[in-house]
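Student: So that we are looking at the same thing, I have put the structure below in structure tokens.
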Amino acid sequence: MERIHSLYLHVPFCTWVCKYCDFNAYAVLEGLIPPYVDALSREIDVAGAELPIGPLDTVFIGGGTPSLLTGPQVEQVMDQVRTIGLAPGAEVTLEANPSNITGANVEGWLAAGVNRLSVGVQSLQPDALRFLERLHSESDALAAIRMARAGGFTNVSADLLFGVPGVDLAAWLETLESVLAEGVQHLSAYELTVESGTRLGQEVRTGLVHMPEADDQLEQYWSAAVRLDAAGYDHYEISNWARPGFGCRHNLAAWNYHPYLGCGAGAHSMFRLDDGSTERRWNVKGPHVYIKRASDRGRAHDGSETLSPERARGEAAMIGVRLLNGTPAAGDFPTERKQLVTAGLLIEADGQVRLTRRGVELANQVGATFLV
Amino acid sequence: MSTPTHLTRAISVIAHVDHGKTTLSDRLLEYTGTVAPRDMVEQVLDQLDLERERGITIKAQAVRMLYKADDGNTYQINLIDTPGHVDFSYEVSRALAACDGAILVVDASQGIEAQTLANVHQALDHKLTIIPVVNKIDLPQGNPELVREEIEKVIGLPAESVIFASARQGIGTKEILEAVVHRVPPPTGDSGAPLRALIFDAKFDAYRGVVTYIRVLEGTLRPGMRIQMMQTGKSFEVDEVGIFRPDRTPVEDLTAGEVGYLIANIRNVRDSRVGDTVTDEARPAAEPLPGYRHVTPMVFAGLFPTDTEQYEQLKEALEKLQLNDAALVYEPESSAALGFGFRCGFLGLLHMEIVQERLEREFNLTLLGTAPTVEYRVRLRSGEEVPVDNPDHLPDAGQIEAISEPMVLATIVVPSTYVGNMMELSQERRGQFLNMQYEPGDRVVITYRMPLAEIIHDYYDQLKSRSKGYASLNYEVVGFEEADLVKLDVLVAGSPVDALSMIVDRSKAQQQGRRLAEKLKTLIPRQLFEVPIQAAIGGKIVARETVPAMRKDVTAKCYGGDVTRKRKLLEKQKEGKKRLKRVGNVEIPQEAFMAVLSLD
């Protein structure tokens, strides 16, 4: 098995589950945080002993809302992580909701070893924030970024959503401009996606909410791309931009098809086996069950699948093409590559491929081509 | 075991579809103890999964019941269950020819329908004693008294002969059995005469070869005899004869009046044709039984594997299915658009659907069927006449002297409120009005002469929807008639798609072309590029539509935990595409090839 250098930790708690969210997240269970942190530490401990893992180059604490964890709670988890071994200069990211970014938390998280903060800004339009059911205000969000930077974070990322009903192109670019003015190192801009199991999905189905037309969504996307390029950000993945040297190393590892361990409720792991096959494994989703299993046994697996080397190569290409600076991952698919180049969706250069503008717009069609 | 002839009866149950024929048969089996209640599954006589699922009977079935009547005698009642659908009307007529009586089932809420009338006429043609039964009397919306009156006035059977029943609740079962033994005459054939047995169905058994369903009308049939099929002339040695109880049970012989089966190492149902007469090769009968007809397919369609590598499998599957289905014919066909496949001939639309479904289900194939068409007779200027069962094979207009198409006599039974709608629809479909008759119970019987091609193009669905479901239809083919027809071609992304060609009435061709292009626009999914759709008559474009290119298909987030789900989603989409047929660069779904069927 290929040695693992990336660790994902999931924190499934939220003060409020926003209506568009289909992640593994739960509101009103914050009381479970202390036993959850214990259970998570136990799982890291057991997995660390069983797997060829470490030293870790990247740790990503995602959610949910991991910023509901206080400095000491993050520290407890990170102490456990350090028993696996943390490489010098490792990237340690924490996802944070602007509402939780206080001076004390910033200090505590930094002290625990977190060195990258990913702030869930989403929007700076008051109407959009209400529509998205975000509990923070636009000024809270900007103040949070400032506080993080003032408190010592030198690597800050902001998450934004575009294609939000009621937000036109000008308003979206205004949001983008304000976030750029804060000097973030990294920016993720996601198209608001309607997932069927969410309340937003329900509202769209019943006609209560109308999503913008594809053309308008793409206009917001490409306008942002032009602006970010001018501001010196590298568009390195479909929804991600970074100042030179600030690409998210944790995600880059996954997109380059390197293995990772995932701990916490509903977390996924990916292992690369010696014969070229891939094993994907996931934990039970519910926090109660997770706490019980992880505390009792140190394991909380709920399912797994193994992809043959052939299918694994297809999956690697499916993910890899999302990297806009090129990927060697489609190397084993000469026929498909040629077909996609002819269709104007891919460009081939130096043994790598990358999506054209049209290819980005139809990235799923491109990705599906490689699946067997 | 053997029953004296005067205690033997042979009956059939006839009904319009859904009036409860098979449920009533189930009750008879139960009541006579032929099937123990614990072995009772619904629709005992429908053996194909497809029959049970769809609630229809495709193949005829026979079963022998023993019934101890009130007069103290034990009667042998042979029940033949027949298919109810118009596609299989010849099978029904043969099954009736094998009987002496018929139980006519009429739904208490639906009353007399087109097939009820057609069945009654057939039964009367065969001089059968008819026992009218009003079924489903337990339904609150039913009106048994009114239906009884209809039976007397429309069919001419005395009201007092009508039995009220509920097959679902078992009401009336005994009365029906008593009526069968007292009203239906015993068989009259002589067991000592030269053998004459009527084949009313045949079925292929993988281990035993063909199992031939017969009724012995004269003479006696025993294992070891050499028999001859009087129409095909082929002869075979009988291995086994037996009866259905309801499973196959061998017996020593079958004598005049008895219903059963024979097994004689026959390898193909074609050698055991429905309607043929089985006789003794050593002592043949002078004349075959009357009424044999060579069954010819009426509806034709191409069947193509969506995966070209399944061609050989499709060929083998058709061969196997044909062993059991003498009405199915096929020959290899190649289409520029769809590749290699087969042109198949069917008895009707239901038969076509069933064959396609069985091929897909029992042989694990994914098929693409083209729109069904009839067989045209084209007289060329050279004087030669050629049959054309594929629109794309229609010769050039310059060579054609005249085109004839098959015509049917259609009988519609409908409440008077909908007469206007029915006439409007039939007129639109080139129908020639023949007759209209008002019957009691607010029923109107309308007859039209119209092209079969119009019937297979969505006529029945339209009939139903324009009469709120009340109209019923029966039809029989009555010959060929010349018509002014042209070929309508379809071009997708600039290339003609042969499988989408159709032959239409000249005066309606342009309108049909427009509708077809509009319809295809809604059926062909967006592709990576823009796809123009054109309809053309004789090279002249008469309609054009465009399917716009796919605008956007991209997932915003694809992180570690999203990969499995996303991959599965894309795999599923890709799997769905296998149901699409790639024609040139364009992926076309099955429904598009059927679009021509519903252009109204």
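Residues are named by chain letter and number: chains run A, B, ... in the order of the structure tokens, numbers start at 1 in each chain, and ligands are numbered from 1 in the order shown.
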From stretch 525-578 of chain B, collect each residue whose DSSP state is helix (DSSP H, G or I) and return the set as a list in words.
Tutor: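 Answer for stretch 525-578 of chain B restricted to helix (DSSP H, G or I) is Gly560, Gly561, Asp562, Val563, Thr564, Arg565, Lys566, Arg567, Lys568, Leu569, Leu570, Glu571, Lys572, Gln573, Lys574, Glu575, Gly576 and Lys577 of chain B.
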Student: Once you have the residues from the selection above, write them out as a PDB file, in the first residue's frame, restricted to N, CA and C atoms.
Tutor:
```pdb
ATOM      1  N   GLY B 560     -12.395  14.866  -1.501  1.00  0.00           N
ATOM      2  CA  GLY B 560     -12.221  13.445  -1.168  1.00  0.00           C
ATOM      3  C   GLY B 560     -13.522  12.704  -0.946  1.00  0.00           C
ATOM      4  N   GLY B 561     -14.400  13.290  -0.129  1.00  0.00           N
ATOM      5  CA  GLY B 561     -15.630  12.593   0.212  1.00  0.00           C
ATOM      6  C   GLY B 561     -16.670  12.616  -0.900  1.00  0.00           C
ATOM      7  N   ASP B 562     -16.433  13.440  -1.931  1.00  0.00           N
ATOM      8  CA  ASP B 562     -17.423  13.555  -3.009  1.00  0.00           C
ATOM      9  C   ASP B 562     -17.163  12.584  -4.151  1.00  0.00           C
ATOM     10  N   VAL B 563     -15.931  12.014  -4.159  1.00  0.00           N
ATOM     11  CA  VAL B 563     -15.502  11.289  -5.353  1.00  0.00           C
ATOM     12  C   VAL B 563     -16.380  10.079  -5.656  1.00  0.00           C
ATOM     13  N   THR B 564     -16.630   9.263  -4.632  1.00  0.00           N
ATOM     14  CA  THR B 564     -17.397   8.034  -4.872  1.00  0.00           C
ATOM     15  C   THR B 564     -18.763   8.365  -5.449  1.00  0.00           C
ATOM     16  N   ARG B 565     -19.414   9.338  -4.816  1.00  0.00           N
ATOM     17  CA  ARG B 565     -20.754   9.694  -5.253  1.00  0.00           C
ATOM     18  C   ARG B 565     -20.733  10.257  -6.682  1.00  0.00           C
ATOM     19  N   LYS B 566     -19.772  11.114  -6.918  1.00  0.00           N
ATOM     20  CA  LYS B 566     -19.706  11.726  -8.243  1.00  0.00           C
ATOM     21  C   LYS B 566     -19.422  10.671  -9.315  1.00  0.00           C
ATOM     22  N   ARG B 567     -18.478   9.760  -8.999  1.00  0.00           N
ATOM     23  CA  ARG B 567     -18.149   8.742  -9.990  1.00  0.00           C
ATOM     24  C   ARG B 567     -19.384   7.894 -10.282  1.00  0.00           C
ATOM     25  N   LYS B 568     -20.117   7.538  -9.218  1.00  0.00           N
ATOM     26  CA  LYS B 568     -21.298   6.702  -9.422  1.00  0.00           C
ATOM     27  C   LYS B 568     -22.346   7.431 -10.271  1.00  0.00           C
ATOM     28  N   LEU B 569     -22.472   8.710 -10.040  1.00  0.00           N
ATOM     29  CA  LEU B 569     -23.424   9.507 -10.825  1.00  0.00           C
ATOM     30  C   LEU B 569     -23.039   9.502 -12.307  1.00  0.00           C
ATOM     31  N   LEU B 570     -21.750   9.718 -12.548  1.00  0.00           N
ATOM     32  CA  LEU B 570     -21.302   9.756 -13.945  1.00  0.00           C
ATOM     33  C   LEU B 570     -21.407   8.379 -14.577  1.00  0.00           C
ATOM     34  N   GLU B 571     -21.114   7.332 -13.781  1.00  0.00           N
ATOM     35  CA  GLU B 571     -21.237   5.964 -14.306  1.00  0.00           C
ATOM     36  C   GLU B 571     -22.682   5.677 -14.706  1.00  0.00           C
ATOM     37  N   LYS B 572     -23.591   6.160 -13.862  1.00  0.00           N
ATOM     38  CA  LYS B 572     -25.014   5.932 -14.133  1.00  0.00           C
ATOM     39  C   LYS B 572     -25.441   6.658 -15.413  1.00  0.00           C
ATOM     40  N   GLN B 573     -24.976   7.896 -15.536  1.00  0.00           N
ATOM     41  CA  GLN B 573     -25.273   8.639 -16.766  1.00  0.00           C
ATOM     42  C   GLN B 573     -24.740   7.898 -17.975  1.00  0.00           C
ATOM     43  N   LYS B 574     -23.535   7.352 -17.814  1.00  0.00           N
ATOM     44  CA  LYS B 574     -22.909   6.658 -18.922  1.00  0.00           C
ATOM     45  C   LYS B 574     -23.692   5.391 -19.262  1.00  0.00           C
ATOM     46  N   GLU B 575     -24.135   4.707 -18.228  1.00  0.00           N
ATOM     47  CA  GLU B 575     -24.946   3.494 -18.416  1.00  0.00           C
ATOM     48  C   GLU B 575     -26.232   3.856 -19.175  1.00  0.00           C
ATOM     49  N   GLY B 576     -26.839   4.976 -18.787  1.00  0.00           N
ATOM     50  CA  GLY B 576     -28.055   5.437 -19.455  1.00  0.00           C
ATOM     51  C   GLY B 576     -27.816   5.687 -20.936  1.00  0.00           C
ATOM     52  N   LYS B 577     -26.605   6.115 -21.249  1.00  0.00           N
ATOM     53  CA  LYS B 577     -26.294   6.399 -22.653  1.00  0.00           C
ATOM     54  C   LYS B 577     -26.260   5.142 -23.496  1.00  0.00           C
TER      55      LYS B 577
END
```
Student: Enumerate, as a PyMOL selection string, the complete set of residues in stretch 428-547 of chain B that a backbone-based DSSP assignment places in strand (DSSP E).
Tutor: chain B and resi 432-439+443-451+472-483+485-492+495-496+502-505+531-537+540-547
Student: Please build the interface table for stretch 388-496 of chain B against stretch 72-95 of chain B with a cut-off of 10 Å, listing for each qualifying residue the nearest atom pair and the distance in Å to one decimal; count only C-alpha atoms, order rows by chain and increasing number, and write it as JSON lines.
Tutor:
```
{"residue": "B:Leu473", "atom": "CA", "partner": "B:Val86", "partner_atom": "CA", "distance": 8.8}
{"residue": "B:Asn474", "atom": "CA", "partner": "B:Val86", "partner_atom": "CA", "distance": 6.6}
{"residue": "B:Tyr475", "atom": "CA", "partner": "B:Val86", "partner_atom": "CA", "distance": 7.3}
{"residue": "B:Glu476", "atom": "CA", "partner": "B:Val86", "partner_atom": "CA", "distance": 8.5}
```
Student: Only N, CA and C atoms, please: the residues just picked out, written as a PDB file, in the first residue's frame.
Tutor:
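The new file again-v6.pdb reads:
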```pdb
ATOM      1  N   LEU B 473     -62.332  -1.406 -29.167  1.00  0.00           N
ATOM      2  CA  LEU B 473     -62.042  -1.567 -30.588  1.00  0.00           C
ATOM      3  C   LEU B 473     -61.751  -3.012 -30.926  1.00  0.00           C
ATOM      4  N   ASN B 474     -62.249  -3.428 -32.064  1.00  0.00           N
ATOM      5  CA  ASN B 474     -61.832  -4.705 -32.625  1.00  0.00           C
ATOM      6  C   ASN B 474     -61.665  -4.488 -34.115  1.00  0.00           C
ATOM      7  N   TYR B 475     -60.711  -5.236 -34.725  1.00  0.00           N
ATOM      8  CA  TYR B 475     -60.575  -5.062 -36.169  1.00  0.00           C
ATOM      9  C   TYR B 475     -60.098  -6.339 -36.813  1.00  0.00           C
ATOM     10  N   GLU B 476     -60.427  -6.468 -38.092  1.00  0.00           N
ATOM     11  CA  GLU B 476     -59.883  -7.594 -38.849  1.00  0.00           C
ATOM     12  C   GLU B 476     -59.439  -7.089 -40.202  1.00  0.00           C
TER      13      GLU B 476
END
```
Student: Quick check, in Å to one decimal: how far apart do atom CA of B:Asn135 and atom CA of B:Asp100 lie?
Tutor: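 Interatomic distance, atom CA of B:Asn135 to atom CA of B:Asp100: 21.6 Å.
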Student: If we count only C-alpha atoms and set the cut-off at 12 Å, which residues sit around B:Ala543, ignoring sequence neighbours fewer than 4 positions away in its own chain? Please answer as a list in words.
Tutor: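 Result of the neighbour search: Leu488, Asp489, Val490, Leu491, Val492, Ala509, Gln510, Gln511, Gln512, Gly513, Arg514, Arg515, Leu516, Ala517, Glu518, Lys519, Leu520, Lys521, Pro532, Ile533, Gln534, Ala535, Ala536, Ile537 and Gly539 of chain B.
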Student: Can those selected residues be exported to a file as a PDB file, in the first residue's frame so that it contains N, CA and C atoms?
Tutor:
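The result, written out as result.pdb:
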```
ATOM      1  N   LEU B 488     -41.593   9.804 -46.296  1.00  0.00           N
ATOM      2  CA  LEU B 488     -41.108  10.960 -45.537  1.00  0.00           C
ATOM      3  C   LEU B 488     -39.771  10.565 -44.921  1.00  0.00           C
ATOM      4  N   ASP B 489     -38.725  11.339 -45.235  1.00  0.00           N
ATOM      5  CA  ASP B 489     -37.399  11.030 -44.688  1.00  0.00           C
ATOM      6  C   ASP B 489     -37.022  12.005 -43.589  1.00  0.00           C
ATOM      7  N   VAL B 490     -36.126  11.563 -42.718  1.00  0.00           N
ATOM      8  CA  VAL B 490     -35.650  12.431 -41.641  1.00  0.00           C
ATOM      9  C   VAL B 490     -34.136  12.512 -41.703  1.00  0.00           C
ATOM     10  N   LEU B 491     -33.616  13.722 -41.604  1.00  0.00           N
ATOM     11  CA  LEU B 491     -32.166  13.922 -41.544  1.00  0.00           C
ATOM     12  C   LEU B 491     -31.814  14.460 -40.168  1.00  0.00           C
ATOM     13  N   VAL B 492     -30.859  13.801 -39.531  1.00  0.00           N
ATOM     14  CA  VAL B 492     -30.386  14.281 -38.237  1.00  0.00           C
ATOM     15  C   VAL B 492     -28.942  14.707 -38.425  1.00  0.00           C
ATOM     16  N   ALA B 509     -48.559  14.669 -45.621  1.00  0.00           N
ATOM     17  CA  ALA B 509     -47.121  14.445 -45.459  1.00  0.00           C
ATOM     18  C   ALA B 509     -46.391  15.641 -44.853  1.00  0.00           C
ATOM     19  N   GLN B 510     -46.724  16.837 -45.351  1.00  0.00           N
ATOM     20  CA  GLN B 510     -45.989  18.007 -44.891  1.00  0.00           C
ATOM     21  C   GLN B 510     -46.234  18.267 -43.403  1.00  0.00           C
ATOM     22  N   GLN B 511     -47.488  18.166 -43.037  1.00  0.00           N
ATOM     23  CA  GLN B 511     -47.874  18.375 -41.637  1.00  0.00           C
ATOM     24  C   GLN B 511     -47.210  17.329 -40.733  1.00  0.00           C
ATOM     25  N   GLN B 512     -47.220  16.088 -41.204  1.00  0.00           N
ATOM     26  CA  GLN B 512     -46.590  15.012 -40.426  1.00  0.00           C
ATOM     27  C   GLN B 512     -45.095  15.281 -40.261  1.00  0.00           C
ATOM     28  N   GLY B 513     -44.469  15.767 -41.327  1.00  0.00           N
ATOM     29  CA  GLY B 513     -43.038  16.061 -41.296  1.00  0.00           C
ATOM     30  C   GLY B 513     -42.737  17.110 -40.243  1.00  0.00           C
ATOM     31  N   ARG B 514     -43.583  18.130 -40.197  1.00  0.00           N
ATOM     32  CA  ARG B 514     -43.380  19.198 -39.209  1.00  0.00           C
ATOM     33  C   ARG B 514     -43.523  18.653 -37.804  1.00  0.00           C
ATOM     34  N   ARG B 515     -44.577  17.875 -37.616  1.00  0.00           N
ATOM     35  CA  ARG B 515     -44.805  17.340 -36.270  1.00  0.00           C
ATOM     36  C   ARG B 515     -43.692  16.398 -35.848  1.00  0.00           C
ATOM     37  N   LEU B 516     -43.232  15.609 -36.798  1.00  0.00           N
ATOM     38  CA  LEU B 516     -42.172  14.656 -36.473  1.00  0.00           C
ATOM     39  C   LEU B 516     -40.904  15.397 -36.050  1.00  0.00           C
ATOM     40  N   ALA B 517     -40.553  16.463 -36.793  1.00  0.00           N
ATOM     41  CA  ALA B 517     -39.350  17.225 -36.448  1.00  0.00           C
ATOM     42  C   ALA B 517     -39.506  17.857 -35.060  1.00  0.00           C
ATOM     43  N   GLU B 518     -40.683  18.392 -34.785  1.00  0.00           N
ATOM     44  CA  GLU B 518     -40.921  18.996 -33.462  1.00  0.00           C
ATOM     45  C   GLU B 518     -40.792  17.956 -32.359  1.00  0.00           C
ATOM     46  N   LYS B 519     -41.374  16.812 -32.622  1.00  0.00           N
ATOM     47  CA  LYS B 519     -41.356  15.739 -31.630  1.00  0.00           C
ATOM     48  C   LYS B 519     -39.929  15.260 -31.377  1.00  0.00           C
ATOM     49  N   LEU B 520     -39.175  15.078 -32.464  1.00  0.00           N
ATOM     50  CA  LEU B 520     -37.796  14.603 -32.313  1.00  0.00           C
ATOM     51  C   LEU B 520     -36.964  15.603 -31.529  1.00  0.00           C
ATOM     52  N   LYS B 521     -37.263  16.877 -31.705  1.00  0.00           N
ATOM     53  CA  LYS B 521     -36.528  17.910 -30.974  1.00  0.00           C
ATOM     54  C   LYS B 521     -36.680  17.693 -29.466  1.00  0.00           C
ATOM     55  N   PRO B 532     -29.204  19.817 -35.975  1.00  0.00           N
ATOM     56  CA  PRO B 532     -30.389  20.133 -36.788  1.00  0.00           C
ATOM     57  C   PRO B 532     -31.176  18.871 -37.135  1.00  0.00           C
ATOM     58  N   ILE B 533     -32.485  18.991 -37.140  1.00  0.00           N
ATOM     59  CA  ILE B 533     -33.361  17.885 -37.522  1.00  0.00           C
ATOM     60  C   ILE B 533     -34.209  18.365 -38.692  1.00  0.00           C
ATOM     61  N   GLN B 534     -34.210  17.602 -39.770  1.00  0.00           N
ATOM     62  CA  GLN B 534     -34.983  18.011 -40.940  1.00  0.00           C
ATOM     63  C   GLN B 534     -35.891  16.878 -41.396  1.00  0.00           C
ATOM     64  N   ALA B 535     -37.034  17.247 -41.930  1.00  0.00           N
ATOM     65  CA  ALA B 535     -37.922  16.267 -42.550  1.00  0.00           C
ATOM     66  C   ALA B 535     -37.981  16.587 -44.030  1.00  0.00           C
ATOM     67  N   ALA B 536     -37.939  15.542 -44.866  1.00  0.00           N
ATOM     68  CA  ALA B 536     -37.886  15.766 -46.312  1.00  0.00           C
ATOM     69  C   ALA B 536     -38.820  14.815 -47.039  1.00  0.00           C
ATOM     70  N   ILE B 537     -39.429  15.339 -48.105  1.00  0.00           N
ATOM     71  CA  ILE B 537     -40.236  14.487 -48.983  1.00  0.00           C
ATOM     72  C   ILE B 537     -39.600  14.562 -50.357  1.00  0.00           C
ATOM     73  N   GLY B 539     -36.587  14.468 -51.263  1.00  0.00           N
ATOM     74  CA  GLY B 539     -35.407  15.328 -51.321  1.00  0.00           C
ATOM     75  C   GLY B 539     -35.694  16.783 -50.997  1.00  0.00           C
TER      76      GLY B 539
END
```
Student: Set out as a Markdown table a contact list for chain A and chain B with a cut-off of 7 Å, giving each residue of chain A that qualifies its closest atom pair and distance in Å to one decimal, counting only C-alpha atoms, ordered by chain and rising residue number.
Tutor:
```
| residue | atom | partner | partner_atom | distance |
| --- | --- | --- | --- | --- |
| A:Tyr190 | CA | B:Ala556 | CA | 5.4 |
| A:Glu191 | CA | B:Ala556 | CA | 5.8 |
| A:Ala214 | CA | B:Lys552 | CA | 6.5 |
| A:Ser239 | CA | B:Ala556 | CA | 6.2 |
| A:Asn251 | CA | B:Tyr559 | CA | 7.0 |
| A:Ala254 | CA | B:Gly560 | CA | 6.5 |
| A:Ala267 | CA | B:Gly561 | CA | 6.7 |
| A:His268 | CA | B:Gly561 | CA | 5.2 |
| A:Glu361 | CA | B:Lys552 | CA | 5.1 |
| A:Leu362 | CA | B:Asp553 | CA | 4.5 |
| A:Ala363 | CA | B:Val554 | CA | 5.0 |
| A:Asn364 | CA | B:Val554 | CA | 5.1 |
| A:Gln365 | CA | B:Asp553 | CA | 6.8 |
| A:Ala368 | CA | B:Leu570 | CA | 5.5 |
| A:Leu371 | CA | B:Glu571 | CA | 6.8 |
```
Student: So that I have them on file, write out the residues from the current selection with C-alpha atoms, as a PDB file, in the first residue's frame.
Tutor:
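Output file out.pdb follows:
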```
ATOM      1  CA  TYR A 190     -18.478  27.548  -6.067  1.00  0.00           C
ATOM      2  CA  GLU A 191     -21.577  27.636  -8.169  1.00  0.00           C
ATOM      3  CA  ALA A 214     -26.915  28.341 -17.178  1.00  0.00           C
ATOM      4  CA  SER A 239     -13.489  26.183  -8.437  1.00  0.00           C
ATOM      5  CA  ASN A 251      -6.703  19.003  -1.937  1.00  0.00           C
ATOM      6  CA  ALA A 254      -6.250  14.151  -3.508  1.00  0.00           C
ATOM      7  CA  ALA A 267     -15.263  10.692   6.582  1.00  0.00           C
ATOM      8  CA  HIS A 268     -13.902   8.990   3.463  1.00  0.00           C
ATOM      9  CA  GLU A 361     -18.167  24.035 -18.787  1.00  0.00           C
ATOM     10  CA  LEU A 362     -18.699  20.359 -19.639  1.00  0.00           C
ATOM     11  CA  ALA A 363     -16.179  18.870 -17.214  1.00  0.00           C
ATOM     12  CA  ASN A 364     -18.536  16.062 -16.173  1.00  0.00           C
ATOM     13  CA  GLN A 365     -18.890  14.951 -19.777  1.00  0.00           C
ATOM     14  CA  ALA A 368     -17.309  10.439 -17.619  1.00  0.00           C
ATOM     15  CA  LEU A 371     -14.894   5.805 -16.634  1.00  0.00           C
TER      16      LEU A 371
END
```
Student: Nearest to A:Gly163 among A:Pro212, A:Gly31, A:Gly151, A:Pro244, with distances taken over only C-alpha atoms: which residue is it?
Tutor: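 Using only C-alpha atoms, the shortest distance to A:Gly163 belongs to A:Pro212.
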Student: If you count only C-alpha atoms, which residues fall within 12 Å of stretch 195-209 of chain A, apart from same-chain ones fewer than 6 positions away, as a PyMOL selection string?
Tutor: (chain A and resi 17-25+131-133+164-166) or (chain B and resi 555-556)
Student: Would you list the contacts of B:Ala256 as a VMD selection string, taking every protein, DNA or RNA residue within 6 Å and counting only C-alpha atoms, but skipping same-chain residues closer than 3 positions in sequence?
Tutor: chain B and resid 189 191 216 to 219
Student: What does the file look like for those residues with N, CA and C atoms, as a JSON list (two decimals), in the first residue's frame?
Tutor:
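Generated file (out14.json):
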```json
[["chain", "number", "residue", "atom", "x", "y", "z"],
["B", 189, "GLY", "N", -68.16, -36.96, -31.57],
["B", 189, "GLY", "CA", -67.24, -37.71, -32.43],
["B", 189, "GLY", "C", -67.17, -39.19, -32.05],
["B", 191, "SER", "N", -64.96, -42.43, -31.44],
["B", 191, "SER", "CA", -63.59, -42.78, -31.08],
["B", 191, "SER", "C", -63.01, -43.87, -31.98],
["B", 216, "VAL", "N", -59.01, -33.95, -29.58],
["B", 216, "VAL", "CA", -59.35, -35.06, -30.46],
["B", 216, "VAL", "C", -60.85, -34.93, -30.77],
["B", 217, "LEU", "N", -61.17, -34.80, -32.05],
["B", 217, "LEU", "CA", -62.58, -34.68, -32.42],
["B", 217, "LEU", "C", -63.14, -36.03, -32.85],
["B", 218, "GLU", "N", -62.29, -36.81, -33.55],
["B", 218, "GLU", "CA", -62.69, -38.16, -33.91],
["B", 218, "GLU", "C", -61.50, -39.09, -33.75],
["B", 219, "GLY", "N", -61.78, -40.37, -33.49],
["B", 219, "GLY", "CA", -60.72, -41.36, -33.38],
["B", 219, "GLY", "C", -60.06, -41.33, -32.01]]
```
Student: What's around A:Asp274 at 12 Å? Count only C-alpha atoms, leave out sequence neighbours fewer than 6 positions away in its own chain, and write the answer as a list of chain:residue names.
Tutor: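 In the requested form, the answer reads A:Met1, A:Glu2, A:Arg3, A:Ser308, A:Pro309.
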Student: Taking 2 positions as the minimum chain separation for residues in the same chain, which residues sit within 9 Å of B:Met594 when counting only C-alpha atoms? Answer as an MDAnalysis selection string.
Tutor: chainID B and resid 369:372 500 590:592 596:598
Student: For stretch 119-224 of chain A versus stretch 104-114 of chain A, which residues have an atom no more than 9 Å away, and what is each residue's nearest atom pair and distance in Å rounded to one decimal, using only C-alpha atoms, chain-then-number order, as a tab-separated table?
Tutor:
```
residue	atom	partner	partner_atom	distance
A:Met147	CA	A:Val106	CA	8.0
A:Ala148	CA	A:Val106	CA	6.2
A:Gly151	CA	A:Val106	CA	6.2
A:Gly152	CA	A:Leu110	CA	7.7
A:Phe153	CA	A:Leu110	CA	7.6
```
Student: In Å, rounded to a single decimal, give me how far atom CA of A:Tyr8 is from atom CA of A:Gly62.
Tutor: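 Atom CA of A:Tyr8 lies at a distance of 7.3 Å from atom CA of A:Gly62.
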Student: Quick check, in Å to one decimal: how far apart do atom CA of B:Arg168 and atom CA of B:Gln141 lie?
Tutor: 15.3 Å
Student: Using only C-alpha atoms, tabulate the residues of stretch 293-316 of chain B lying at most 12 Å from any atom of stretch 451-462 of chain B, each with its closest atom pair and that distance in Å to one decimal, by chain and increasing residue number, as JSON lines.
Tutor:
```
{"residue": "B:Met298", "atom": "CA", "partner": "B:Leu452", "partner_atom": "CA", "distance": 8.6}
{"residue": "B:Val299", "atom": "CA", "partner": "B:Ile456", "partner_atom": "CA", "distance": 8.2}
{"residue": "B:Phe300", "atom": "CA", "partner": "B:Ile456", "partner_atom": "CA", "distance": 10.5}
{"residue": "B:Ala301", "atom": "CA", "partner": "B:Ile456", "partner_atom": "CA", "distance": 11.6}
```
